[in-house]
Amino acid sequence: MNPDDPAFGRESDPHVTLLYKICNGDPKPFVKLLAHEKPIQVVLGKVSLFKTNDAFDVVKIGVESADLHRLNQKMVDLASRQYRDFEPHVTVAFVNKGAGAKFVGDDTFAGAAFTSDELCFSEKDGKKIKLKVGA
């Protein structure tokens, strides 16, 4: 990333992560699982921050979705792995440490809702595979 680029720090691929770092990298079990699911209902919330990095703040939009929580648990069980608490969100930008505070609480997107019948499985090499929900 180039700091002189006007888009520097902005997330270039906004998304909601459902499960991170699946060790075996095989999407087939998830295809089978998703075939029996209904489309995912999502409602956006307010802007907040992750302050877990010493170099920058992560500006994010909260996501409310019982469907995402349910699917996350099924996928964690399927992947046979433990993971920290699941907090669905859309990453917006990475900003200098302390600079994200001015965005906290912004409700521009709050209440916006959408339904998704598709997920994206990202492989280690960056290749993306679309997975249909309810296919």
# chains A, B, ... in the order shown; residues from 1 in each chain; ligands from 1
$ residues_around --residues "stretch 30-38 of chain A" --least-positions-apart "5" --cutoff "8 Å" --atoms "only C-alpha atoms" --output "short mmCIF file (atom, residue, chain, number, x, y, z; two decimals) with N, CA and C atoms, in the first residue's frame"
data_model
loop_
_atom_site.label_atom_id
_atom_site.label_comp_id
_atom_site.auth_asym_id
_atom_site.auth_seq_id
_atom_site.Cartn_x
_atom_site.Cartn_y
_atom_site.Cartn_z
N MET A 75 -19.89 -23.65 11.53
CA MET A 75 -18.63 -23.75 10.80
C MET A 75 -17.46 -24.02 11.72
N ASP A 117 -27.46 -14.55 -0.18
CA ASP A 117 -27.57 -15.98 -0.45
C ASP A 117 -26.24 -16.52 -1.00
N LEU A 131 -19.76 -19.42 -2.71
CA LEU A 131 -20.55 -20.53 -2.17
C LEU A 131 -22.00 -20.07 -2.04
N LYS A 132 -22.92 -20.83 -2.61
CA LYS A 132 -24.33 -20.48 -2.54
C LYS A 132 -24.94 -20.97 -1.22
N VAL A 133 -25.79 -20.15 -0.65
CA VAL A 133 -26.53 -20.52 0.54
C VAL A 133 -27.90 -21.02 0.08
N GLY A 134 -28.26 -22.23 0.51
CA GLY A 134 -29.53 -22.81 0.11
C GLY A 134 -29.51 -23.35 -1.30
N ALA A 135 -28.33 -23.65 -1.82
CA ALA A 135 -28.21 -24.15 -3.21
C ALA A 135 -28.66 -25.59 -3.33
#
$ select_by_dssp --residues "chain A" --states "helix (DSSP H, G or I)" --output "PyMOL selection string"
chain A and resi 28-34+66-79+99-103
$ atom_distance --atom1 "atom CA of A:Ala113" --atom2 "atom CA of A:Val47"
15.1 Å
$ closest_residue --among "A:Glu64, A:Asp106, A:Arg10, A:Cys120" --to "A:Gln41" --atoms "only C-alpha atoms"
A:Glu64
$ atom_distance --atom1 "atom CA of A:Val59" --atom2 "atom CA of A:Ala99"
9.5 Å
$ select_by_dssp --residues "chain A" --states "strand (DSSP E or B)" --output "NGL selection string"
:A and (10 or 16 or 40-50 or 56-64 or 89-96 or 113-116 or 118-122 or 128-132)
$ atom_distance --atom1 "atom CA of A:Leu19" --atom2 "atom CA of A:Asp57"
21.5 Å
$ closest_residue --among "A:Leu78, A:Val58, A:Leu44, A:Leu49" --to "A:Pro27" --atoms "only C-alpha atoms"
A:Leu78
$ residues_around --residues "A:Gly9" --least-positions-apart "2" --cutoff "7 Å" --atoms "only C-alpha atoms" --output "VMD selection string"
chain A and resid 7 11 93 to 95
$ closest_residue --among "A:Ser122, A:Gly100, A:Pro29, A:His15" --to "A:Lys74" --atoms "only C-alpha atoms"
A:Pro29
$ residues_around --residues "A:Gly111" --least-positions-apart "2" --cutoff "10 Å" --atoms "only C-alpha atoms" --output "list of chain:residue names"
A:Val42, A:Val43, A:Leu44, A:Gly45, A:Lys46, A:Val63, A:Glu64, A:Asp107, A:Thr108, A:Phe109, A:Ala113, A:Phe114
$ write_last_selection --atoms "C-alpha atoms" --output "short mmCIF file (atom, residue, chain, number, x, y, z; two decimals), in the first residue's frame"
data_model
loop_
_atom_site.label_atom_id
_atom_site.label_comp_id
_atom_site.auth_asym_id
_atom_site.auth_seq_id
_atom_site.Cartn_x
_atom_site.Cartn_y
_atom_site.Cartn_z
CA VAL A 42 -27.94 -8.80 8.11
CA VAL A 43 -28.54 -5.40 9.74
CA LEU A 44 -25.75 -2.83 9.98
CA GLY A 45 -25.09 -0.96 13.21
CA LYS A 46 -22.97 1.98 14.34
CA VAL A 63 -23.27 -6.12 12.16
CA GLU A 64 -26.30 -7.67 13.79
CA ASP A 107 -24.94 5.90 12.70
CA THR A 108 -24.97 6.67 8.96
CA PHE A 109 -25.34 2.95 8.15
CA ALA A 113 -30.44 -4.27 6.08
CA PHE A 114 -29.73 -6.80 3.39
#
